[in-house]
file target.cif (mmCIF, C-alpha atoms, pLDDT in the B column; chains and numbers go by the auth columns)
data_entry
#
loop_
_atom_site.group_PDB
_atom_site.id
_atom_site.type_symbol
_atom_site.label_atom_id
_atom_site.label_comp_id
_atom_site.label_asym_id
_atom_site.label_seq_id
_atom_site.Cartn_x
_atom_site.Cartn_y
_atom_site.Cartn_z
_atom_site.B_iso_or_equiv
_atom_site.auth_seq_id
_atom_site.auth_asym_id
ATOM 1 C CA MET A 1 59.889 104.722 90.734 40.00 28 A
ATOM 2 C CA SER A 2 58.783 105.254 94.340 41.00 29 A
ATOM 3 C CA PRO A 3 55.255 104.248 95.359 42.00 30 A
ATOM 4 C CA VAL A 4 54.463 107.869 96.278 39.00 31 A
ATOM 5 C CA SER A 5 55.337 109.108 92.794 37.00 32 A
ATOM 6 C CA THR A 6 53.152 106.462 91.098 38.00 33 A
ATOM 7 C CA LEU A 7 50.100 108.327 92.390 37.00 34 A
ATOM 8 C CA ASN A 8 50.859 111.041 89.841 37.00 35 A
ATOM 9 C CA GLU A 9 50.763 108.697 86.856 40.00 36 A
ATOM 10 C CA THR A 10 48.437 109.745 84.051 34.00 37 A
ATOM 11 C CA SER A 11 46.730 106.341 84.074 37.00 38 A
ATOM 12 C CA ARG A 12 44.103 106.300 86.814 43.00 39 A
ATOM 13 C CA THR A 13 43.498 102.545 86.693 51.00 40 A
ATOM 14 C CA SER A 14 45.159 99.325 85.632 57.00 41 A
ATOM 15 C CA VAL A 15 43.889 95.816 85.127 62.00 42 A
ATOM 16 C CA ARG A 16 45.853 92.967 86.679 58.00 43 A
ATOM 17 C CA ASN A 17 44.554 89.407 86.575 60.00 44 A
ATOM 18 C CA GLY A 18 41.100 90.655 85.572 75.00 45 A
ATOM 19 C CA ILE A 19 40.746 92.936 88.606 83.00 46 A
ATOM 20 C CA LYS A 20 40.823 96.667 88.051 89.00 47 A
ATOM 21 C CA LEU A 21 42.968 98.592 90.563 93.00 48 A
ATOM 22 C CA THR A 22 43.236 102.372 90.728 94.00 49 A
ATOM 23 C CA ALA A 23 46.600 104.117 90.585 93.00 50 A
ATOM 24 C CA GLN A 24 46.297 104.757 94.328 94.00 51 A
ATOM 25 C CA GLU A 25 45.615 101.076 95.024 95.00 52 A
ATOM 26 C CA ASN A 26 48.570 100.063 92.866 94.00 53 A
ATOM 27 C CA ARG A 27 50.778 102.530 94.750 93.00 54 A
ATOM 28 C CA VAL A 28 49.966 100.716 98.002 95.00 55 A
ATOM 29 C CA ILE A 29 49.841 97.100 96.819 95.00 56 A
ATOM 30 C CA ASN A 30 53.349 97.507 95.387 92.00 57 A
ATOM 31 C CA PHE A 31 54.646 97.644 98.972 90.00 58 A
ATOM 32 C CA PHE A 32 53.769 93.978 99.387 92.00 59 A
ATOM 33 C CA LYS A 33 55.977 91.521 97.560 89.00 60 A
ATOM 34 C CA ASP A 34 53.976 88.972 95.577 90.00 61 A
ATOM 35 C CA ALA A 35 50.614 90.569 96.466 94.00 62 A
ATOM 36 C CA THR A 36 47.974 90.174 93.797 92.00 63 A
ATOM 37 C CA PRO A 37 44.766 92.040 93.008 93.00 64 A
ATOM 38 C CA PHE A 38 42.949 88.980 94.348 93.00 65 A
ATOM 39 C CA ASP A 39 44.753 89.577 97.654 95.00 66 A
ATOM 40 C CA TRP A 40 43.674 93.225 97.539 96.00 67 A
ATOM 41 C CA GLU A 41 40.027 92.152 97.324 95.00 68 A
ATOM 42 C CA ASP A 42 40.361 89.787 100.333 96.00 69 A
ATOM 43 C CA TRP A 43 39.378 91.360 103.669 94.00 70 A
ATOM 44 C CA ARG A 44 41.584 88.853 105.528 95.00 71 A
ATOM 45 C CA TRP A 45 44.609 89.961 103.501 96.00 72 A
ATOM 46 C CA GLN A 46 43.725 93.598 104.229 96.00 73 A
ATOM 47 C CA ILE A 47 43.674 92.943 107.993 93.00 74 A
ATOM 48 C CA ARG A 48 46.906 90.903 107.956 94.00 75 A
ATOM 49 C CA HIS A 49 48.732 93.658 106.066 95.00 76 A
ATOM 50 C CA ARG A 50 47.688 96.741 108.034 93.00 77 A
ATOM 51 C CA PHE A 51 50.195 99.557 108.458 93.00 78 A
ATOM 52 C CA THR A 52 51.138 99.767 112.137 89.00 79 A
ATOM 53 C CA THR A 53 54.606 101.382 112.160 88.00 80 A
ATOM 54 C CA LYS A 54 56.138 104.682 111.186 89.00 81 A
ATOM 55 C CA ASP A 55 58.893 103.020 109.166 88.00 82 A
ATOM 56 C CA ILE A 56 56.523 101.600 106.578 85.00 83 A
ATOM 57 C CA LEU A 57 54.048 104.482 106.627 90.00 84 A
ATOM 58 C CA ARG A 58 56.716 107.126 106.012 90.00 85 A
ATOM 59 C CA ASP A 59 57.621 105.361 102.751 90.00 86 A
ATOM 60 C CA LEU A 60 54.010 105.683 101.648 92.00 87 A
ATOM 61 C CA ILE A 61 53.145 109.160 102.953 93.00 88 A
ATOM 62 C CA LYS A 62 55.133 112.326 103.570 93.00 89 A
ATOM 63 C CA LEU A 63 54.565 112.482 107.328 95.00 90 A
ATOM 64 C CA THR A 64 54.439 115.769 109.215 96.00 91 A
ATOM 65 C CA PRO A 65 56.347 116.192 112.510 96.00 92 A
ATOM 66 C CA GLN A 66 52.980 116.053 114.385 95.00 93 A
ATOM 67 C CA GLU A 67 52.151 112.754 112.672 95.00 94 A
ATOM 68 C CA GLU A 68 55.591 111.287 113.436 93.00 95 A
ATOM 69 C CA GLN A 69 55.182 112.273 117.098 92.00 96 A
ATOM 70 C CA GLY A 70 51.677 110.752 117.183 92.00 97 A
ATOM 71 C CA ILE A 71 52.828 107.482 115.631 91.00 98 A
ATOM 72 C CA GLU A 72 55.793 107.262 118.011 89.00 99 A
ATOM 73 C CA GLY A 73 53.356 107.612 120.915 85.00 100 A
ATOM 74 C CA CYS A 74 51.071 104.826 119.717 80.00 101 A
ATOM 75 C CA GLY A 75 50.453 102.260 122.377 73.00 102 A
ATOM 76 C CA LYS A 76 50.630 104.859 125.151 72.00 103 A
ATOM 77 C CA LYS A 77 47.106 106.101 124.572 68.00 104 A
ATOM 78 C CA LEU A 78 45.743 105.034 121.191 72.00 105 A
ATOM 79 C CA THR A 79 46.549 102.375 118.633 82.00 106 A
ATOM 80 C CA MET A 80 47.369 102.914 114.962 88.00 107 A
ATOM 81 C CA SER A 81 46.346 100.458 112.311 90.00 108 A
ATOM 82 C CA ILE A 82 45.567 101.378 108.708 94.00 109 A
ATOM 83 C CA SER A 83 44.412 98.823 106.167 95.00 110 A
ATOM 84 C CA PRO A 84 46.017 98.972 102.715 97.00 111 A
ATOM 85 C CA TYR A 85 42.660 99.986 101.240 96.00 112 A
ATOM 86 C CA PHE A 86 42.336 102.981 103.572 95.00 113 A
ATOM 87 C CA ALA A 87 46.008 103.829 102.955 96.00 114 A
ATOM 88 C CA SER A 88 45.205 104.002 99.244 97.00 115 A
ATOM 89 C CA LEU A 89 42.560 106.647 99.971 96.00 116 A
ATOM 90 C CA ILE A 90 45.036 108.926 101.763 96.00 117 A
ATOM 91 C CA ASP A 91 46.511 111.841 99.837 96.00 118 A
ATOM 92 C CA PRO A 92 50.235 111.352 100.572 94.00 119 A
ATOM 93 C CA ASP A 93 51.032 115.037 100.096 94.00 120 A
ATOM 94 C CA ASN A 94 48.093 116.697 101.871 96.00 121 A
ATOM 95 C CA PRO A 95 48.228 116.735 105.698 96.00 122 A
ATOM 96 C CA ASN A 96 44.606 117.986 105.684 96.00 123 A
ATOM 97 C CA CYS A 97 43.270 114.995 103.736 96.00 124 A
ATOM 98 C CA PRO A 98 40.161 113.847 105.685 96.00 125 A
ATOM 99 C CA ILE A 99 41.030 110.125 105.516 95.00 126 A
ATOM 100 C CA ARG A 100 44.551 110.941 106.646 96.00 127 A
ATOM 101 C CA LEU A 101 43.259 112.949 109.618 95.00 128 A
ATOM 102 C CA GLN A 102 40.933 110.056 110.475 94.00 129 A
ATOM 103 C CA SER A 103 43.664 107.427 110.439 94.00 130 A
ATOM 104 C CA ILE A 104 47.115 108.838 111.258 94.00 131 A
ATOM 105 C CA PRO A 105 47.733 109.823 114.898 92.00 132 A
ATOM 106 C CA GLN A 106 48.770 113.369 115.754 92.00 133 A
ATOM 107 C CA GLY A 107 51.123 114.334 118.583 90.00 134 A
ATOM 108 C CA TYR A 108 48.433 116.334 120.379 88.00 135 A
ATOM 109 C CA GLU A 109 46.418 113.115 120.865 84.00 136 A
ATOM 110 C CA LEU A 110 48.939 112.065 123.510 83.00 137 A
ATOM 111 C CA GLU A 111 47.803 114.922 125.746 84.00 138 A
ATOM 112 C CA THR A 112 44.982 114.208 128.177 82.00 139 A
ATOM 113 C CA ALA A 113 42.761 117.080 129.261 85.00 140 A
ATOM 114 C CA PRO A 114 41.403 117.057 132.831 89.00 141 A
ATOM 115 C CA GLU A 115 37.827 116.815 131.552 89.00 142 A
ATOM 116 C CA GLU A 116 38.605 113.980 129.141 82.00 143 A
ATOM 117 C CA MET A 117 36.892 110.654 129.866 83.00 144 A
ATOM 118 C CA SER A 118 38.153 107.203 128.950 80.00 145 A
ATOM 119 C CA ASP A 119 34.532 106.083 128.444 84.00 146 A
ATOM 120 C CA PRO A 120 32.812 109.137 126.908 82.00 147 A
ATOM 121 C CA CYS A 121 29.605 107.228 126.106 83.00 148 A
ATOM 122 C CA GLY A 122 29.292 105.814 129.624 85.00 149 A
ATOM 123 C CA GLU A 123 29.095 102.260 128.335 88.00 150 A
ATOM 124 C CA ASP A 124 31.181 100.550 131.013 87.00 151 A
ATOM 125 C CA LYS A 125 28.669 101.270 133.789 93.00 152 A
ATOM 126 C CA HIS A 126 25.910 99.754 131.605 94.00 153 A
ATOM 127 C CA SER A 127 27.844 96.586 130.810 92.00 154 A
ATOM 128 C CA PRO A 128 26.383 93.683 132.794 94.00 155 A
ATOM 129 C CA VAL A 129 28.696 91.203 131.038 92.00 156 A
ATOM 130 C CA HIS A 130 31.863 91.723 129.032 87.00 157 A
ATOM 131 C CA GLY A 131 31.054 92.721 125.450 87.00 158 A
ATOM 132 C CA LEU A 132 27.452 93.741 126.086 91.00 159 A
ATOM 133 C CA VAL A 133 26.032 97.209 126.791 93.00 160 A
ATOM 134 C CA HIS A 134 22.465 97.434 128.132 96.00 161 A
ATOM 135 C CA ARG A 135 21.757 101.130 128.389 93.00 162 A
ATOM 136 C CA TYR A 136 18.185 101.210 127.050 94.00 163 A
ATOM 137 C CA PRO A 137 15.435 98.911 128.383 93.00 164 A
ATOM 138 C CA ASP A 138 14.521 97.146 125.135 96.00 165 A
ATOM 139 C CA ARG A 139 17.884 96.764 123.374 95.00 166 A
ATOM 140 C CA VAL A 140 21.513 95.878 123.867 96.00 167 A
ATOM 141 C CA LEU A 141 24.719 96.657 122.050 92.00 168 A
ATOM 142 C CA PHE A 142 26.596 93.414 121.467 91.00 169 A
ATOM 143 C CA LEU A 143 30.298 94.068 120.863 85.00 170 A
ATOM 144 C CA VAL A 144 31.381 90.930 119.048 84.00 171 A
ATOM 145 C CA ASN A 145 34.844 92.094 118.076 81.00 172 A
ATOM 146 C CA GLU A 146 37.507 94.185 119.797 78.00 173 A
ATOM 147 C CA MET A 147 39.650 94.642 116.704 79.00 174 A
ATOM 148 C CA CYS A 148 39.140 97.012 113.807 81.00 175 A
ATOM 149 C CA SER A 149 40.790 97.031 110.413 83.00 176 A
ATOM 150 C CA MET A 150 41.544 100.717 110.994 85.00 177 A
ATOM 151 C CA TYR A 151 41.559 102.600 114.269 83.00 178 A
ATOM 152 C CA CYS A 152 39.808 105.915 113.763 82.00 179 A
ATOM 153 C CA ARG A 153 41.279 108.829 115.675 81.00 180 A
ATOM 154 C CA TYR A 154 37.869 109.835 117.038 80.00 181 A
ATOM 155 C CA CYS A 155 36.905 106.366 118.307 76.00 182 A
ATOM 156 C CA THR A 156 34.763 106.434 121.457 74.00 183 A
ATOM 157 C CA ARG A 157 35.770 102.835 122.217 75.00 184 A
ATOM 158 C CA SER A 158 39.533 103.339 121.964 72.00 185 A
ATOM 159 C CA ARG A 159 39.855 102.181 125.573 72.00 186 A
ATOM 160 C CA MET A 160 38.853 98.673 124.525 71.00 187 A
ATOM 161 C CA VAL A 161 40.177 98.121 121.006 71.00 188 A
ATOM 162 C CA GLY A 162 43.555 97.281 119.635 63.00 189 A
ATOM 163 C CA ASP A 163 45.502 96.698 122.818 60.00 190 A
ATOM 164 C CA GLY A 164 45.050 92.916 122.878 60.00 191 A
ATOM 165 C CA ASN A 165 44.141 92.955 126.571 62.00 192 A
ATOM 166 C CA ARG A 166 40.403 92.389 126.324 62.00 193 A
ATOM 167 C CA THR A 167 39.731 89.401 124.140 69.00 194 A
ATOM 168 C CA LEU A 168 36.206 88.300 123.418 81.00 195 A
ATOM 169 C CA ASN A 169 35.822 84.551 123.085 86.00 196 A
ATOM 170 C CA THR A 170 33.214 81.795 123.151 90.00 197 A
ATOM 171 C CA ALA A 171 32.867 82.004 126.930 92.00 198 A
ATOM 172 C CA THR A 172 32.144 85.754 126.840 90.00 199 A
ATOM 173 C CA TYR A 173 29.684 85.264 123.955 93.00 200 A
ATOM 174 C CA ASP A 174 27.900 82.546 125.962 95.00 201 A
ATOM 175 C CA LYS A 175 27.539 84.903 128.949 95.00 202 A
ATOM 176 C CA ALA A 176 26.169 87.620 126.677 95.00 203 A
ATOM 177 C CA PHE A 177 23.691 85.211 125.048 96.00 204 A
ATOM 178 C CA GLU A 178 22.570 84.029 128.478 96.00 205 A
ATOM 179 C CA TYR A 179 22.049 87.631 129.617 97.00 206 A
ATOM 180 C CA ILE A 180 19.960 88.371 126.517 96.00 207 A
ATOM 181 C CA ARG A 181 17.896 85.167 126.963 96.00 208 A
ATOM 182 C CA SER A 182 17.197 86.028 130.593 97.00 209 A
ATOM 183 C CA HIS A 183 16.036 89.580 129.783 96.00 210 A
ATOM 184 C CA LYS A 184 12.845 89.185 127.755 95.00 211 A
ATOM 185 C CA GLU A 185 12.477 92.964 127.390 95.00 212 A
ATOM 186 C CA VAL A 186 15.413 92.960 124.960 93.00 213 A
#
call {"tool": "encode", "arguments": {"input": "target.cif", "output": "structure tokens"}}
result
Amino acid sequence: MSPVSTLNETSRTSVRNGIKLTAQENRVINFFKDATPFDWEDWRWQIRHRFTTKDILRDLIKLTPQEEQGIEGCGKKLTMSISPYFASLIDPDNPNCPIRLQSIPQGYELETAPEEMSDPCGEDKHSPVHGLVHRYPDRVLFLVNEMCSMYCRYCTRSRMVGDGNRTLNTATYDKAFEYIRSHKEV
């Protein structure tokens, strides 16, 4: 039985090793040899087993031509990464499923309009040190991580996540802490 067809089982849940998984969760976890429900509940496992390629995703979801084009273009403009949990929320047969639209790239995303901005929130010009945005006098936005478990299609920080080029580390955190300490208004 294919993982896609298991979604249509009459049983909505199953219990494995004392952990209750839905039919949708079972459909996805079955893609991972030797994965257990305990793995499913572990956020580290979820991040390590994200879907990042068309080959695996097409076995889980009936992709549209627009989705295939969008996935093929990943890395040129936006990144794709879908955690197993979020994949379990996607309706594999409905291209208009909201979670699917949020997580699977579309071909039109590869187009760049003349008025499109890489930094739509204007954060870069208010970033005194890497990983810190100081736009308002009494507060800062401290970006402590440049990796997400799932890259949302509408992300306003897509310029800085998922490409592996801008890594935050102890040295950048120290600079951010020093900036905050030296600005008492924050």
call {"tool": "closest_residue", "arguments": {"input": "target.cif", "among": "A:Asp118, A:Asp151, A:Glu173, A:Asp165", "to": "Lys211 (chain A)", "atoms": "only C-alpha atoms"}}
result
A:Asp165
call {"tool": "residues_around", "arguments": {"input": "target.cif", "residues": "His153 (chain A)", "least_positions_apart": "2", "cutoff": "12 Å", "atoms": "all atoms listed in the file", "output": "MDAnalysis selection string"}}
result
chainID A and resid 146 148:151 155:164 166:169
call {"tool": "write_last_selection", "arguments": {"input": "target.cif", "atoms": "C-alpha atoms", "output": "PDB file, in the coordinates of the input"}}
result
ATOM      1  CA  ASP A 146      34.532 106.083 128.444  1.00 84.00           C
ATOM      2  CA  CYS A 148      29.605 107.228 126.106  1.00 83.00           C
ATOM      3  CA  GLY A 149      29.292 105.814 129.624  1.00 85.00           C
ATOM      4  CA  GLU A 150      29.095 102.260 128.335  1.00 88.00           C
ATOM      5  CA  ASP A 151      31.181 100.550 131.013  1.00 87.00           C
ATOM      6  CA  PRO A 155      26.383  93.683 132.794  1.00 94.00           C
ATOM      7  CA  VAL A 156      28.696  91.203 131.038  1.00 92.00           C
ATOM      8  CA  HIS A 157      31.863  91.723 129.032  1.00 87.00           C
ATOM      9  CA  GLY A 158      31.054  92.721 125.450  1.00 87.00           C
ATOM     10  CA  LEU A 159      27.452  93.741 126.086  1.00 91.00           C
ATOM     11  CA  VAL A 160      26.032  97.209 126.791  1.00 93.00           C
ATOM     12  CA  HIS A 161      22.465  97.434 128.132  1.00 96.00           C
ATOM     13  CA  ARG A 162      21.757 101.130 128.389  1.00 93.00           C
ATOM     14  CA  TYR A 163      18.185 101.210 127.050  1.00 94.00           C
ATOM     15  CA  PRO A 164      15.435  98.911 128.383  1.00 93.00           C
ATOM     16  CA  ARG A 166      17.884  96.764 123.374  1.00 95.00           C
ATOM     17  CA  VAL A 167      21.513  95.878 123.867  1.00 96.00           C
ATOM     18  CA  LEU A 168      24.719  96.657 122.050  1.00 92.00           C
ATOM     19  CA  PHE A 169      26.596  93.414 121.467  1.00 91.00           C
TER      20      PHE A 169
END
call {"tool": "residues_around", "arguments": {"input": "target.cif", "residues": "Gln129 (chain A)", "least_positions_apart": "4", "cutoff": "12 Å", "atoms": "all atoms listed in the file", "output": "PDB file with C-alpha atoms, in the frame of the given file"}}
result
ATOM      1  CA  GLU A  94      52.151 112.754 112.672  1.00 95.00           C
ATOM      2  CA  MET A 107      47.369 102.914 114.962  1.00 88.00           C
ATOM      3  CA  SER A 108      46.346 100.458 112.311  1.00 90.00           C
ATOM      4  CA  ILE A 109      45.567 101.378 108.708  1.00 94.00           C
ATOM      5  CA  PHE A 113      42.336 102.981 103.572  1.00 95.00           C
ATOM      6  CA  ALA A 114      46.008 103.829 102.955  1.00 96.00           C
ATOM      7  CA  LEU A 116      42.560 106.647  99.971  1.00 96.00           C
ATOM      8  CA  ILE A 117      45.036 108.926 101.763  1.00 96.00           C
ATOM      9  CA  PRO A 122      48.228 116.735 105.698  1.00 96.00           C
ATOM     10  CA  ASN A 123      44.606 117.986 105.684  1.00 96.00           C
ATOM     11  CA  CYS A 124      43.270 114.995 103.736  1.00 96.00           C
ATOM     12  CA  PRO A 125      40.161 113.847 105.685  1.00 96.00           C
ATOM     13  CA  GLN A 133      48.770 113.369 115.754  1.00 92.00           C
ATOM     14  CA  MET A 177      41.544 100.717 110.994  1.00 85.00           C
ATOM     15  CA  TYR A 178      41.559 102.600 114.269  1.00 83.00           C
ATOM     16  CA  CYS A 179      39.808 105.915 113.763  1.00 82.00           C
ATOM     17  CA  ARG A 180      41.279 108.829 115.675  1.00 81.00           C
ATOM     18  CA  TYR A 181      37.869 109.835 117.038  1.00 80.00           C
ATOM     19  CA  CYS A 182      36.905 106.366 118.307  1.00 76.00           C
TER      20      CYS A 182
END
call {"tool": "axis_aligned_box", "arguments": {"input": "target.cif", "around": "region 141-146 of chain A", "padding_each_side": "5 Å", "output": "JSON"}}
result
{"center_x": 38.0, "center_y": 111.6, "center_z": 130.6, "size_x": 16.9, "size_y": 21.0, "size_z": 14.4}
call {"tool": "closest_atom_pairs", "arguments": {"input": "target.cif", "of": "region 85-163 of chain A", "to": "region 48-62 of chain A", "cutoff": "7 Å", "atoms": "only C-alpha atoms", "output": "JSON lines"}}
result
{"residue": "A:Pro111", "atom": "CA", "partner": "A:Val55", "partner_atom": "CA", "distance": 6.4}
{"residue": "A:Tyr112", "atom": "CA", "partner": "A:Glu52", "partner_atom": "CA", "distance": 7.0}
{"residue": "A:Ser115", "atom": "CA", "partner": "A:Gln51", "partner_atom": "CA", "distance": 5.1}
call {"tool": "atom_distance", "arguments": {"input": "target.cif", "atom1": "CA of Ser185 (chain A)", "atom2": "CA of Asp201 (chain A)"}}
result
24.2 Å
call {"tool": "atom_distance", "arguments": {"input": "target.cif", "atom1": "CA of Trp72 (chain A)", "atom2": "CA of Leu128 (chain A)"}}
result
23.8 Å
call {"tool": "atom_distance", "arguments": {"input": "target.cif", "atom1": "CA of Ile83 (chain A)", "atom2": "CA of Phe65 (chain A)"}}
result
22.2 Å
call {"tool": "resolve_selection", "arguments": {"input": "target.cif", "expression": "the PyMOL selection byres ((chain A and resi 119) around 7)", "output": "list in words"}}
result
Val31, Leu87, Ile88, Lys89, Ile117, Asp118, Asp120 and Asn121 of chain A
